[in-house]
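*Asks:* Take this structure, written in structure tokens, and hold onto it; I'll ask about it next.
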Amino acid sequence: MPAQLPDNRRFYQKRFMPMLCLRLIPLLLALAVPATALANPYERPLANGLRVIVKEDRRAPTVAHMVWYRAGSMDEKSGTTGVAHVLEHMMFKGTPSAGPGEFSRRVAAAGGRDNAFTSRDYTAYFQQVPKHKLSEMMQLEADRMRHLTLDPEEFAQEIRVVMEERRLRTDDQPQSLLFEQLTATAYQAHPYRVPIIGWMSDLENMTVKDARAWYESWYVPNNAYVVVVGDVDHNAVFELAEQHYGTLPARPLPARKPQDEPPQTGMRRLAVKAPAELPVVMMAYKVPVIRDVERDVDPYALEMLSAVLDGHEAARFSKHLVRQQRLAVEVTASYDSTTRGPGTFYLYGSPSEGKTRAELEAGLRAELADVQRQGVAADELARAKAQLIASQIYKLDSMFAQAMEIGQFESVGIPHTQSQRVIEKLQAVTAEQVQAVASKYFRDENLTVAELEPQPLPSTPRARSSFAPRH
Amino acid sequence: MNPFKLLVYLCLVLVAPLSHGGPKIESWQAQSGARVFFVENHSLPILDVQVDFAAGTAQEAPGKAGVAQLTRALLDLGAAGMDETEIASRMADLGAKLSGGVDMDRASISLRTLSMGDKRGPAVDLLRVILRSPQFPAPVFAREQARSVAAIKEALTRPDTIASRAFWSAMYPAHAYGRHATPESVRALTRTDVLAFHAANYTAASATVTIIGDLSRTDAQAVAEDLTGGLAPGVPLVGLAVPELPPAGEQRIAHPAAQAHLLLGLPALKRGDPDFFPLVVGNYALGGGGFVSRLMKEVREKRGLAYSVNSYFQPLAQLGPFQIGMQTKKAQANDALQVTREILANFLAQGPSESEMQAAKQNLIGSFPLRLDSNRKLLDNVSMIGFYGLPLDYLDRYPESIEQVTLADIRAAFARHVRPEHLVTVVVAGE
């Protein structure tokens, strides 16, 4: 039902893709593991450093083909924020052998669907096609991995499209603005402070040279991997990959500086005013993410805590804050344990009519305090784990989702072969561990709070001219 | 066969040598009178069940706008002595998920569960009691009513919502499709309204059940009997009124947004209309084919006027809209509108070119396997076929129905369904 959720967008895309949920999906729901043969997925590195990962799924005669580059907005420099995403758009603007628009035309002619997305951590391109079109898709992707034209006139048009995208998805979306400001306040040294779409001023001043510098730096086979899921034979796919991608030369990559965020030592608070009706409170706590699948404990416990708070309709947030106390019309907990940069645990919601932002914030804090003092019940944790198991199987219904999962693990340096271990570690989380992470990380000095202060529209929206006949 | 047809045929064979048709859909009527549609598929241990009722917003009485949404929202929030927390907790314990929603024609409730007996049985039982004995508890009604009002008030600050509402009202000035829930209309609803709406519309006569997945036909029959056995029989619904086509016109609404939202369209197409296929092929060339469509090429690729621009037909039980939509920064709104009108006028006068039509067919036929490559997609397709009473071989015949479309068919179909004298335009934040 109601209420739009705050928009913790995970990535920007070439075009709207309604099938992808744009909320920040808790990892818990985004994880799944093959129940099939151990060898599946299969992997083979090419001599130039490109890795090819193939998962056979023969339920339907289709295939998902993805190329992932380990370069996202966190690799950008000041003054050219948004260039990762701009380059993603330019990747559809042609090579000497496939001119502007030709890429999309050929995918469409193949009966395919394609898109691309840019996140803080990576940039990825995909096509879903009938299986016999895989070779052609590889040929197209390999071509633009090396031979992108980057025509100045095409750039001049496309940068305007990207500015329209920023207006559409950030400037005119109060909750996106709030999230952008929250992130820019919570992070000051680490590049996660920067919005993926880029600051408008940087977009206005971007040149085709900036896009070319980005392309030359990061679009090399040794910074990429290919994920194929579908009705294919893995050996045949490896051969195709060798044929199309194998000839591309490797190049050294720029040094990546860690740009670690210094410890936060006090609560930060900010407000955003924008035309809206409902106030919003967003709280961001700094927390760890998975760096060592075997040794880490806390990120798994935080995932399970997120599920206990907001994993289903009867979870604590919905039950307590929306239904029993009627403090909120909507409230969400969100955490992603697989990111290249630092981790953040978000809580956000909108107060009910007659309730204030302060009351909702107090309600959210009370929920955290309750976990800190009382812990979580055995049945709550069991419920979260039951959902985890089921979600692994449901994931198998979508080739695209399976390819996304492999790609996202790999993007943060977790080998896809360890995905089963991640699930096992999640299953092994205890109630004590959940209580411990709540106490350890949900502290004020670790917190940034952002509030949306709704502003009335200048006038009640009304037809300026009455409905006027034309012609 | 003339040489050109042969060429097209060969081309299609190359594109789609699979020529495997749609899924095998079994269909029968349950004892209750509900119609059942079933696709057996054991490749994953998953069962999907969806029950659709003709209980969309079009069934709301004037003055009761919002009752369809509220009824559906409350359906699984209390049943057979279980409160909302107990129902949701049990579902979560099973790893099962309930979803659904309401549009103009339909109210849907869907269950996804693992198919193992110890999961499937209890999950289907829960769905049965939700369908059979929803209780619409008064305190839950009051809360959901308040949440609904809050959500509508928030949505009414958004330029896209304002544009969409004005657009539908302009297309359907005197028809149920043009009515909208407002804070006032929802506040005026009572629990009695919800009970009455449920009793009148959530009946076996108005229900279709779609079952996809890891289940035998015998078990599917039992599930359908179980789920619909307790529904009131109901009477077949009187069909919706045919909407009158509106006069052409343009409406401009002020808003402080950075971007203008533009919508152009008219009531155009019913489900089951044989013109569906020529319109789909033609629209692919006009604005439905993403980056290969005229609107995207002219508005975005050549002029950089918008991030998103498209056109589509939304066939409904009665004439559903054809619409073109885009957003562009305020100062460009008039340019974008003019370009769009020129593209549309030109398309209506000339139709697509031969090569545009071939590209459209190639994609629509070639991508056919992608429409059916998961249980979720099967569920969406089969429930639509069932609810709207389309032929069971609709999916089998889809590729050939597309293939048979000619340029003359497209021009004639657009001339019948998209008449400029009825085209309404709404611009929000275009000042």
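Going through the structure tokens in order, the chains are called A, B, and so on, while each chain numbers its residues from 1 and the ligands are numbered from 1 in the order shown.
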Mind listing the alpha helix (DSSP H) residues of range 283-403 of chain A, per DSSP on the backbone, as a VMD selection string?
*Replies:* chain A and resid 298 to 310 316 357 to 374 378 to 395 399 to 403
*Asks:* If DSSP is run on the backbone, what residues of range 103-326 of chain A are strand (DSSP E or B)? A reply as an MDAnalysis selection string would be ideal.
*Replies:* chainID A and resid 113:119 123:130 224:230 268:275 280:287
*Asks:* Quick one: everything within 10 Å of Gln157 in chain A, counting only C-alpha atoms, minus sequence neighbours fewer than 4 positions away in the same chain. Send it as a ChimeraX atom specification.
*Replies:* /A:152-153,161-162 /B:300-305
*Asks:* Rounded to one decimal place, report the CA of Lys385 in chain A-CA of Arg365 in chain A distance in Å.
*Replies:*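 That distance, rounded to one decimal, is 24.6 Å.
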*Asks:* Set out as a tab-separated table a contact list for range 63-113 of chain B and range 379-387 of chain B with a cut-off of 10 Å, giving each residue of range 63-113 of chain B that qualifies its closest atom pair and distance in Å to one decimal, counting only C-alpha atoms, ordered by chain and rising residue number.
*Replies:*
residue	atom	partner	partner_atom	distance
B:Asp105	CA	B:Phe387	CA	9.5
B:Arg106	CA	B:Phe387	CA	8.4
B:Ser108	CA	B:Ser383	CA	9.7
B:Ser110	CA	B:Leu379	CA	9.6
*Asks:* Write out, as a short mmCIF file (atom, residue, chain, number, x, y, z; two decimals), in the first residue's frame, the residues just selected, with N, CA and C atoms.
*Replies:*
data_model
loop_
_atom_site.label_atom_id
_atom_site.label_comp_id
_atom_site.auth_asym_id
_atom_site.auth_seq_id
_atom_site.Cartn_x
_atom_site.Cartn_y
_atom_site.Cartn_z
N ASP B 105 -9.31 -2.48 -13.38
CA ASP B 105 -10.21 -3.61 -13.57
C ASP B 105 -10.11 -4.67 -12.47
N ARG B 106 -8.93 -4.87 -11.95
CA ARG B 106 -8.64 -6.06 -11.14
C ARG B 106 -8.22 -5.74 -9.73
N SER B 108 -5.99 -8.12 -7.10
CA SER B 108 -5.26 -9.38 -7.14
C SER B 108 -4.65 -9.70 -5.80
N SER B 110 -1.72 -12.62 -4.60
CA SER B 110 -0.83 -13.67 -5.09
C SER B 110 -0.06 -14.28 -3.94
#
*Asks:* Closest to chain A among B:Arg165, B:Arg271, B:Arg132, B:His175, using only C-alpha atoms?
*Replies:*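 Between B:Arg165, B:Arg271, B:Arg132, B:His175, the residue approaching chain A most closely is B:Arg165.
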*Asks:* Up to 6 Å from chain A, what residues of chain B turn up? Count only C-alpha atoms and give them as a list in words.
*Replies:*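 The contacting residues on chain B are Thr85, Ala88, Ser89, Asp93, Gly95, Arg147, Ser148, Ala151, Glu154, Thr157, Ala248, Gly249, Glu250, Gln251, Arg252, Ile253, Ala257, Val292, Gly304, Ala306, Tyr307, Gln362, Asn363, Gly366, Ser367, Asp373 and Ser374 of chain B.
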*Asks:* Which polymer residues have any atom within 10 Å of an atom of Ala186 in chain A, counting only C-alpha atoms, with same-chain residues fewer than 5 positions away left out, as a list in words?
*Replies:*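 In the requested format, the answer is Gln181, Tyr192, Arg193, Glu261, Gln264, Met267, Arg268, Arg269, Met283, Ala284, Tyr285, Lys286, Thr344, Asn446, Leu447, Thr448, Val449 and Ala450 of chain A.
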*Asks:* So how far away is CA of Glu421 in chain B from CA of Ser311 in chain B, in Å?
*Replies:*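 Spanning CA of Ser311 in chain B to CA of Glu421 in chain B is a straight-line distance of 18.3 Å.
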*Asks:* What lies within 9 Å of Phe414 in chain B using only C-alpha atoms, ignoring chain neighbours under 5 positions off, as a short mmCIF file (atom, residue, chain, number, x, y, z; two decimals) with all heavy atoms, in the first residue's frame?
*Replies:*
data_model
loop_
_atom_site.label_atom_id
_atom_site.label_comp_id
_atom_site.auth_asym_id
_atom_site.auth_seq_id
_atom_site.Cartn_x
_atom_site.Cartn_y
_atom_site.Cartn_z
N ASP B 275 -7.37 -5.54 -33.33
CA ASP B 275 -6.39 -4.52 -33.74
C ASP B 275 -5.19 -4.46 -32.80
O ASP B 275 -4.25 -3.70 -33.06
CB ASP B 275 -7.04 -3.13 -33.80
CG ASP B 275 -7.86 -2.94 -35.07
OD1 ASP B 275 -7.67 -3.73 -36.01
OD2 ASP B 275 -8.69 -2.01 -35.11
N PRO B 278 -1.68 -5.14 -34.81
CA PRO B 278 -1.15 -4.01 -35.59
C PRO B 278 -0.78 -2.80 -34.73
O PRO B 278 0.21 -2.11 -35.02
CB PRO B 278 -2.29 -3.67 -36.57
CG PRO B 278 -3.42 -4.56 -36.25
CD PRO B 278 -2.95 -5.63 -35.33
N LEU B 279 -1.53 -2.56 -33.67
CA LEU B 279 -1.22 -1.40 -32.83
C LEU B 279 0.10 -1.63 -32.08
O LEU B 279 0.91 -0.71 -31.93
CB LEU B 279 -2.36 -1.13 -31.84
CG LEU B 279 -3.65 -0.63 -32.47
CD1 LEU B 279 -4.76 -0.52 -31.42
CD2 LEU B 279 -3.45 0.72 -33.16
N GLY B 282 2.93 -1.28 -34.64
CA GLY B 282 3.09 0.13 -35.00
C GLY B 282 3.67 0.94 -33.85
O GLY B 282 4.57 1.76 -34.04
N LEU B 348 0.74 9.16 -37.83
CA LEU B 348 -0.66 8.85 -38.14
C LEU B 348 -0.93 9.00 -39.63
O LEU B 348 -1.73 8.25 -40.21
CB LEU B 348 -1.60 9.76 -37.33
CG LEU B 348 -1.59 9.51 -35.82
CD1 LEU B 348 -2.47 10.52 -35.09
CD2 LEU B 348 -2.04 8.08 -35.48
N GLY B 351 2.16 6.22 -41.22
CA GLY B 351 2.47 4.91 -40.64
C GLY B 351 3.96 4.70 -40.61
O GLY B 351 4.73 5.56 -41.04
N ASP B 409 -2.51 -2.69 -42.32
CA ASP B 409 -3.19 -2.99 -41.04
C ASP B 409 -2.85 -1.93 -40.00
O ASP B 409 -3.70 -1.47 -39.24
CB ASP B 409 -2.74 -4.34 -40.47
CG ASP B 409 -3.15 -5.52 -41.35
OD1 ASP B 409 -4.10 -5.35 -42.13
OD2 ASP B 409 -2.53 -6.59 -41.21
N ARG B 419 -7.40 8.91 -32.85
CA ARG B 419 -7.96 9.99 -33.67
C ARG B 419 -7.64 11.32 -33.01
O ARG B 419 -8.04 11.58 -31.88
CB ARG B 419 -9.46 9.79 -33.84
CG ARG B 419 -9.75 8.63 -34.83
CD ARG B 419 -11.10 8.01 -34.62
NE ARG B 419 -12.18 8.97 -34.70
CZ ARG B 419 -13.44 8.67 -34.35
NH1 ARG B 419 -13.74 7.46 -33.89
NH2 ARG B 419 -14.37 9.59 -34.45
#
*Asks:* Can you tell me which residues surround Asp52 in chain B at a distance of at most 12 Å, considering only C-alpha atoms, apart from same-chain residues fewer than 5 positions away, and format the answer as an MDAnalysis selection string?
*Replies:* chainID B and resid 34:37 72 99:103 105:111 131 201:211 227:228 379:380 382:388
*Asks:* Report, in Å to a single decimal, how far apart CA of Ala358 in chain A and CA of Val280 in chain A are.
*Replies:*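 Going from CA of Val280 in chain A over to CA of Ala358 in chain A covers 10.4 Å.
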*Asks:* When you count only C-alpha atoms, which of these residues is closest to Lys257 in chain A: A:His147, A:Arg70, A:His190, A:Arg291?
*Replies:*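 Result for the nearest residue to Lys257 in chain A: A:His190.
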